[in-house]
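Structure, as structure tokens:
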Amino acid sequence: MRQLLQENRGIRDLILGIAALALLLGAVLYQNKRLGDLGHRVFIYEQRINLPPSEVLRFVTLGYDNIYANWLWLVSIQAFGSGWRTEDGTERPIFNFFDTLTDVDPHFASAYRFGNLVIGDQRGDYELGQELLRKGTLLNWREYELPYLGVYNALWIAGNEAHARWFATMLRRIPDAPNFMLRLEEFIERTAGRYEMAFEYNVRYWLDYHLAGNEVERDLIEGRLRVMLDQWYRQELTNAAEYYLEVTGEHPREMEDLLEEEFMPAFEAPTFSNFVAALERREEQIERLPARREIPQEFINEVVEESFEFILGLPPCPYGTWYMIHEPTRDGYVDHPELFDERHGLPYISSARGLLDLVNRHNMQAQEFILDFHATHGRKPTDEEISHLLVRDPLGGHFVYDRDAPESPTFGVFYSTAQRRIMEGEDPRMGLWGPGPFPIHLAPRLSDFPEDREWGIEQGYILEDGTELWMREGEAGLEVLVQEEDEEQE
Amino acid sequence: MAGKIAAIALNTFKEAVRNRVLYVLLFFSILIMLGAWVASTLSIDDETKIVRDLGAGAINFIALLIAVFVGIGLVYNDLDKKTIYTIISKPISRWHFLVGKYLGLLLTIAVNVLFMTWIFCTVLYLRGYFAGDVMFEALTYRDEEGYRVYRGLFAHGWYLLWSTIKALVFGLLHVLMFGMEGVLGIEGAAATQGLFLTSVLTILEMGVVTAFAVLFSSFSSPTLSAFMTVIVFVIGRLNQELYLFADTMVQRAGGIEALGGGQMVAYYFSVAAAHLCPNLAVFNQRRELAEFQEIQLGLLDISYGIAYTAMILAIAVIVFNRRNFK
């Protein structure tokens with residue numbers, strides 16, 4: 001045997017190879033046992049976030065600092081996923097980690113965003129999150145997402161307008177920032193109720209887009225101006241109504257109640273028609289303005305000043321309709337104010353345009369429900385199944401589902417009786433489709449038309465003593481129609 | 001003269017190519033690049049940044065290792081094995097020998113850097129191809145939930161092979177067309193933007209480092225040469241920080257006069273080192289590469305690199321001319 005091995009080198013190598021493989025297999029099995037003993041532990045990152053100062057790190061990485069920053073970045077993601085725990089329970093060590101990471105690579109935009117997510121959003125330390133975003137904004141002048149995130153946090157999470165303004169100002173200096181981000185300054189002022197400033201911004205935007213030949217954005221600004229003026233006027237009317245409540249002890253029933261000077265003094269504000277007129281007067285001057293250059297502030301001031309006037313009495317609704325007190329909403333609000341959103345003033349101060357929007361929105365929701373229902377069940381819903389949508393509408397009628405309408409491709413027709421009457425000219429009070437005149441007093445009620453009155457009694461909206469209810473008791477408690485929201489999506 | 005230098009350079013290149021260390025380093029560079037791909041999948045954002053950072057860093061680092069570890073033995077080996085006698089007995093000047101050796105090693109580094117660039121481009125292209133192309137469409141079908149599924153294991157293997165070949169070809173085009181393969185309308189070429197120029201900058205940087213390696217190799221042992229070359233590299237990479245360190249020291253003390261004895265030495269050493277050692281930071285644009293910014297191949301930077309290299313080689317020639325080979 002020994003001789004055979006000595007003479008035959010191939011066999012000898014083969015045996016050696018097999019022995020080596022066997023040893024390796026043994027080592028792997030041993031290692032497998034050890035690893036198995038570890039089980040599936042949940043590793044929580046603790047005390048691994050205390051990094052040396054960034055100056056030292058930059059020194060020792062010898063120009064490969066980017067690679068080290070990437071390593072820290074991957075560590076931070078793993079740490080986040082494993083429930084990042086700090087020694088003292090505060091967010092400061094995590095902030096220091098991201099601070100060091102972004103010192104090593106100041107242009108690592110994702111690190112600023114992620115740091116803010118961990119510290120600000122997940123752990124709730126808004127200030128530290130914002131500090132990281134501020135640093136990122138200052139060091140990355142082309143990165144518009146960081147200041148945008150700063151505005152978002154400041155405005156929607158912390159409600160800190162001063163912080164939001166700072167980020168919005170920085171955002172304006174970034175040439176590649178999308179238009180909607182550049183308009184955030186106006187949004188901040190509008191939501192803060194500083195309508196004069198918001199109006200001035202809008203005038204500037206309108207002129208900018210007009211000179212740049214961007215008609216789409218220019219039209220958008222016109223819409224924005226209407227929204228802004230609408231909010232402004234509603235706020236004035238709300239102030240008057242609140243004062244009325246303070247003096248008389250009850251909410252006003254009709255718009256006439258508010259129009260006395262005691263409650264509704266004259267106020268100075270721009271009107272949409274004045275703005276259009278001011279622009280028309282300067283048509284030639286505008287065309288001579290240099291495109292792509294800063295529009296002179298004096299010119300903007302002139303347009304702004306000419307748009308303002310003293311408004312005495314009812315403000316002109318910028319949508320061409322009239323403001324009104326919607327009685328059914330008022331009654332509902334008096335009984336159940338918790339069901340209403342008061343972000344843009346008292347909910348019962350409405351306009352014909354607003355009511356129509358409300359009806360249209362309800363119609364669309366119902367159509368979506370019917371289509372989904374048909375897709376799921378293969379048939380149209382019964383009155384019972386769609387009953388939660390068959391409520392009264394704010395125009396004085398009620399919603400009907402005509403499932404047998406033959407011409408409809410959407411499995412029947414869902415409509416409001418009041419809206420149909422208006423469209424067919426049977427109810428001249430609203431005049432929504434024409435130029436008006438619109439009545440100041442507008443209290444659409446179910447009892448105005450027999451078909452609605454019968455339905456109202458049957459459904460429990462009209463009580464025996466003739467009292468009309470805006471809401472009824474449903475399975476899910478009090479039912480209330482989707483509220484009017486004029487704030488456009490940013 | 002040029003012929004003699006070229007002959008020595010070519011021989012040096014052939015000798016370096018036979019060095020197994022080179023292949024180990026190249027193997028590791030490929031591992032790092034593939035590792036960068038894997039590491040990028042752990043990220044939740046900026047995956048391409050991570051791949052480009054790690055890949056370009058790996059090319060630079062491996063080139064540095066080649067420059068140091070092959071460069072330090074360049075002259076010493078000929079002295080140690082006495083082959084220098086057979087060379088200088090021929091009508092070849094000592095400076096021909098030294099410059100030839102330097103250029104041979106630089107050629108080795110350049111070829112290796114370009115090879116690694118090719119492999120790195122292949123990795124970048126391959127990442128993009130896994131998003132799918134016409135072949136992917138043909139080899140897969142949509143399942144009931146709308147996901148793409150391969151038509152069997154063979155189809156999967158074939159697509160992998162097809163993608164790799166395609167990526168290798170386009171990666172090679174990147175190197176051969178000086179990083180301008182995008183003009184051919186190749187899909188995914190944007191991912192390799194700026195890589196070729198970054199590699200050129202790496203070759204320039206290594207040109208300076210190699211010159212130091214040759215200088216030290218001409219009068220000292222390989223270990224000492226390696227140590228001194230690495231020291232020069234470290235100072236070269238950090239000379240801006242060194243200068244700032246010296247400046248901060250003075251500001252904190254309130255003037256140079258206020259510095260203590262030890263501090264004074266540290267200050268003058270830092271200032272002198274920052275001025276005398278090459279500024280290698282001018283060749284580092286890997287951050288710009290990772291962020292898809294334009295890579296600037298400045299004429300002043302190139303001239304600086306070449307002039308500095310020429311100066312070090314001149315010193316090396318002077319030292320080598322005075323050296324006694326006995």
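Every chain in the structure tokens has a letter given in the order shown (A, B, ...), and although residue numbers restart at 1 in each chain, ligands are simply numbered from 1 in the order shown.
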Q: Give me, as a PyMOL selection string, the contact residues of chain A against chain B at a cut-off of 8 Å, counting only C-alpha atoms.
A: chain A and resi 59+62-64+66-67+70+73-74+77+110
Q. What's the 7 Å shell around Met206 (chain B), counting only C-alpha atoms, without same-chain residues fewer than 3 positions away, as a PyMOL selection string?
A. chain B and resi 63-64+67+202-203+209-210
Q: Measure the distance from CA of Ile462 (chain A) to CA of Leu346 (chain A) in Å and round it to one decimal.
A: 24.7 Å
Q | Test item: residues at most 12 Å from Leu224 (chain B), only C-alpha atoms, excluding those fewer than 2 positions along its chain, as a PyMOL selection string | A | chain B and resi 68-69+72-73+76+213+215-222+226-231
Q: Give me, please, the distance in Å between CA of Lys82 (chain B) and CA of Gly207 (chain B), quoted to one decimal.
A: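 Answer for the CA of Lys82 (chain B) to CA of Gly207 (chain B) separation: 26.8 Å.
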Which residues are close to Ile256 (chain B), i.e. within 10 Å by only C-alpha atoms, leaving aside same-chain residues fewer than 6 positions away? Reply as a PDB file with N, CA and C atoms, in the first residue's frame.
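Once everything was written out, this is part.pdb:
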```
ATOM      1  N   ALA B 246      -2.558  73.446  10.312  1.00  0.00           N
ATOM      2  CA  ALA B 246      -1.522  74.406  10.719  1.00  0.00           C
ATOM      3  C   ALA B 246      -2.125  75.786  10.943  1.00  0.00           C
ATOM      4  N   ASP B 247      -3.020  76.168  10.062  1.00  0.00           N
ATOM      5  CA  ASP B 247      -3.667  77.476  10.138  1.00  0.00           C
ATOM      6  C   ASP B 247      -4.499  77.589  11.419  1.00  0.00           C
ATOM      7  N   MET B 249      -4.092  75.924  14.125  1.00  0.00           N
ATOM      8  CA  MET B 249      -3.187  75.947  15.279  1.00  0.00           C
ATOM      9  C   MET B 249      -2.729  77.385  15.572  1.00  0.00           C
ATOM     10  N   VAL B 250      -2.376  78.093  14.510  1.00  0.00           N
ATOM     11  CA  VAL B 250      -1.909  79.473  14.671  1.00  0.00           C
ATOM     12  C   VAL B 250      -3.035  80.367  15.171  1.00  0.00           C
ATOM     13  N   GLN B 263       4.859  72.822  19.072  1.00  0.00           N
ATOM     14  CA  GLN B 263       3.819  73.311  18.145  1.00  0.00           C
ATOM     15  C   GLN B 263       4.454  73.994  16.941  1.00  0.00           C
ATOM     16  N   MET B 264       5.532  74.717  17.210  1.00  0.00           N
ATOM     17  CA  MET B 264       6.224  75.420  16.126  1.00  0.00           C
ATOM     18  C   MET B 264       6.750  74.419  15.086  1.00  0.00           C
ATOM     19  N   TYR B 267       3.889  73.027  13.189  1.00  0.00           N
ATOM     20  CA  TYR B 267       3.365  74.018  12.242  1.00  0.00           C
ATOM     21  C   TYR B 267       4.221  74.077  10.971  1.00  0.00           C
ATOM     22  N   TYR B 268       5.526  74.199  11.161  1.00  0.00           N
ATOM     23  CA  TYR B 268       6.392  74.332   9.983  1.00  0.00           C
ATOM     24  C   TYR B 268       6.431  73.034   9.171  1.00  0.00           C
TER      25      TYR B 268
END
```
Q: Step one, run DSSP on the backbone; step two, keep only residues of region 44-163 of chain B assigned to alpha helix (DSSP H); then write them as a ChimeraX atom specification.
A: /B:47-71,74-80,83-88,94-129,134-139,153-163
Q: Find the residues around Val282 (chain B) up to 12 Å (only C-alpha atoms counted), leave out those fewer than 5 positions away in its own chain, and share them as a list of chain:residue names.
A: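 Listing them by chain and then by number gives A:Gly63, B:Thr198, B:Leu201, B:Thr202, B:Leu204, B:Glu205, B:Val208, B:Gly236, B:Arg237, B:Leu238, B:Asn239, B:Gln240, B:Ile295, B:Gln296, B:Leu297, B:Gly298, B:Leu299, B:Leu300, B:Asp301, B:Ile302, B:Ser303, B:Tyr304, B:Gly305.
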Any chance you can output those residues with N, CA and C atoms as a compact mmCIF listing (two decimals), in the first residue's frame?
```txt
# COMPACT_ATOMS: atom_id res chain seq x y z
N GLY A 63 -9.26 60.44 1.39
CA GLY A 63 -9.87 60.73 0.09
C GLY A 63 -10.90 59.70 -0.33
N THR B 198 -12.72 59.81 -15.17
CA THR B 198 -12.28 59.56 -13.79
C THR B 198 -11.10 58.58 -13.79
N LEU B 201 -7.99 60.36 -14.77
CA LEU B 201 -7.47 61.10 -13.61
C LEU B 201 -6.75 60.17 -12.64
N THR B 202 -7.28 58.98 -12.49
CA THR B 202 -6.62 57.99 -11.62
C THR B 202 -5.24 57.64 -12.18
N LEU B 204 -3.35 59.53 -14.01
CA LEU B 204 -2.49 60.70 -13.77
C LEU B 204 -1.99 60.71 -12.33
N GLU B 205 -2.92 60.45 -11.41
CA GLU B 205 -2.56 60.44 -9.98
C GLU B 205 -1.51 59.35 -9.71
N VAL B 208 2.06 60.13 -10.64
CA VAL B 208 2.83 60.87 -9.63
C VAL B 208 3.32 59.90 -8.54
N GLY B 236 -0.07 63.64 0.33
CA GLY B 236 -0.62 64.16 -0.94
C GLY B 236 -2.13 64.22 -0.92
N ARG B 237 -2.73 63.21 -0.30
CA ARG B 237 -4.20 63.20 -0.22
C ARG B 237 -4.72 64.20 0.81
N LEU B 238 -3.88 64.47 1.83
CA LEU B 238 -4.37 65.28 2.95
C LEU B 238 -3.72 66.66 3.03
N ASN B 239 -2.97 67.06 1.99
CA ASN B 239 -2.21 68.29 2.22
C ASN B 239 -3.10 69.52 2.42
N GLN B 240 -4.30 69.49 1.89
CA GLN B 240 -5.21 70.62 2.17
C GLN B 240 -5.59 70.64 3.65
N ILE B 295 -17.32 65.81 -15.21
CA ILE B 295 -15.94 65.60 -14.77
C ILE B 295 -15.05 66.57 -15.54
N GLN B 296 -14.31 67.39 -14.78
CA GLN B 296 -13.48 68.42 -15.42
C GLN B 296 -12.04 67.92 -15.53
N LEU B 297 -11.56 67.79 -16.76
CA LEU B 297 -10.17 67.38 -16.97
C LEU B 297 -9.39 68.65 -17.27
N GLY B 298 -9.07 69.42 -16.21
CA GLY B 298 -8.47 70.74 -16.39
C GLY B 298 -7.03 70.67 -16.91
N LEU B 299 -6.72 71.55 -17.85
CA LEU B 299 -5.38 71.57 -18.45
C LEU B 299 -4.32 71.88 -17.39
N LEU B 300 -4.69 72.76 -16.46
CA LEU B 300 -3.75 73.14 -15.40
C LEU B 300 -3.43 71.95 -14.49
N ASP B 301 -4.48 71.17 -14.19
CA ASP B 301 -4.29 69.99 -13.33
C ASP B 301 -3.40 68.96 -14.03
N ILE B 302 -3.66 68.75 -15.32
CA ILE B 302 -2.86 67.77 -16.08
C ILE B 302 -1.41 68.24 -16.13
N SER B 303 -1.22 69.52 -16.43
CA SER B 303 0.14 70.07 -16.51
C SER B 303 0.85 69.94 -15.16
N TYR B 304 0.09 70.21 -14.10
CA TYR B 304 0.65 70.09 -12.74
C TYR B 304 1.14 68.67 -12.51
N GLY B 305 0.32 67.70 -12.84
CA GLY B 305 0.66 66.29 -12.63
C GLY B 305 1.90 65.89 -13.42
```
(Q) To one decimal place in Å, what is the distance between CA of Gln297 (chain A) and CA of Trp141 (chain A)? (A)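 Distance reported for this atom pair: 25.5 Å.
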Q.
I want to know what sits within 6 Å of region 133-139 of chain B, based on only C-alpha atoms, with residues of the same chain fewer than 2 positions away left out; could you give that as an NGL selection string?
A. :B and (150-151 or 155)
Residue subset to file, keeping C-alpha atoms, as a PDB file, in the first residue's frame:
```pdb
ATOM      1  CA  TYR B 150     -38.985  33.233 -17.004  1.00  0.00           C
ATOM      2  CA  ARG B 151     -39.977  30.430 -19.397  1.00  0.00           C
ATOM      3  CA  ALA B 155     -34.487  30.847 -20.434  1.00  0.00           C
TER       4      ALA B 155
END
```
**Q.** Option closest in space to Glu327 (chain A), from A:Val227, A:Leu446, A:Ile286, A:Leu312 [counting only C-alpha atoms]
**A.**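 Under the stated criterion, the closest residue is A:Leu446.
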Q: Give the answer as one residue: which of A:Ala177, A:His251, A:Leu279, A:Thr271 has the shortest atom-to-atom distance to Arg204 (chain A), using only C-alpha atoms?
A: A:Leu279
Q. Using only C-alpha atoms, which residues sit within 8 Å of Gly115 (chain A) once same-chain residues fewer than 2 positions away are excluded, as JSON, numbers by chain?
A. {"A": [95, 98, 111, 112, 113, 117, 118, 119, 120, 129, 132]}
Q: Check the smallest atom-to-atom distance from each of A:Asn363, A:Gln459, A:Gln235, A:Thr329 to Pro444 (chain A) using only C-alpha atoms, then report the winner.
A: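 Result for the nearest residue to Pro444 (chain A): A:Thr329.
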Q) So which bits of region 117-180 of chain B end up strand (DSSP E) when you DSSP the backbone, as a PyMOL selection string? A) chain B and resi 140-142+148-150
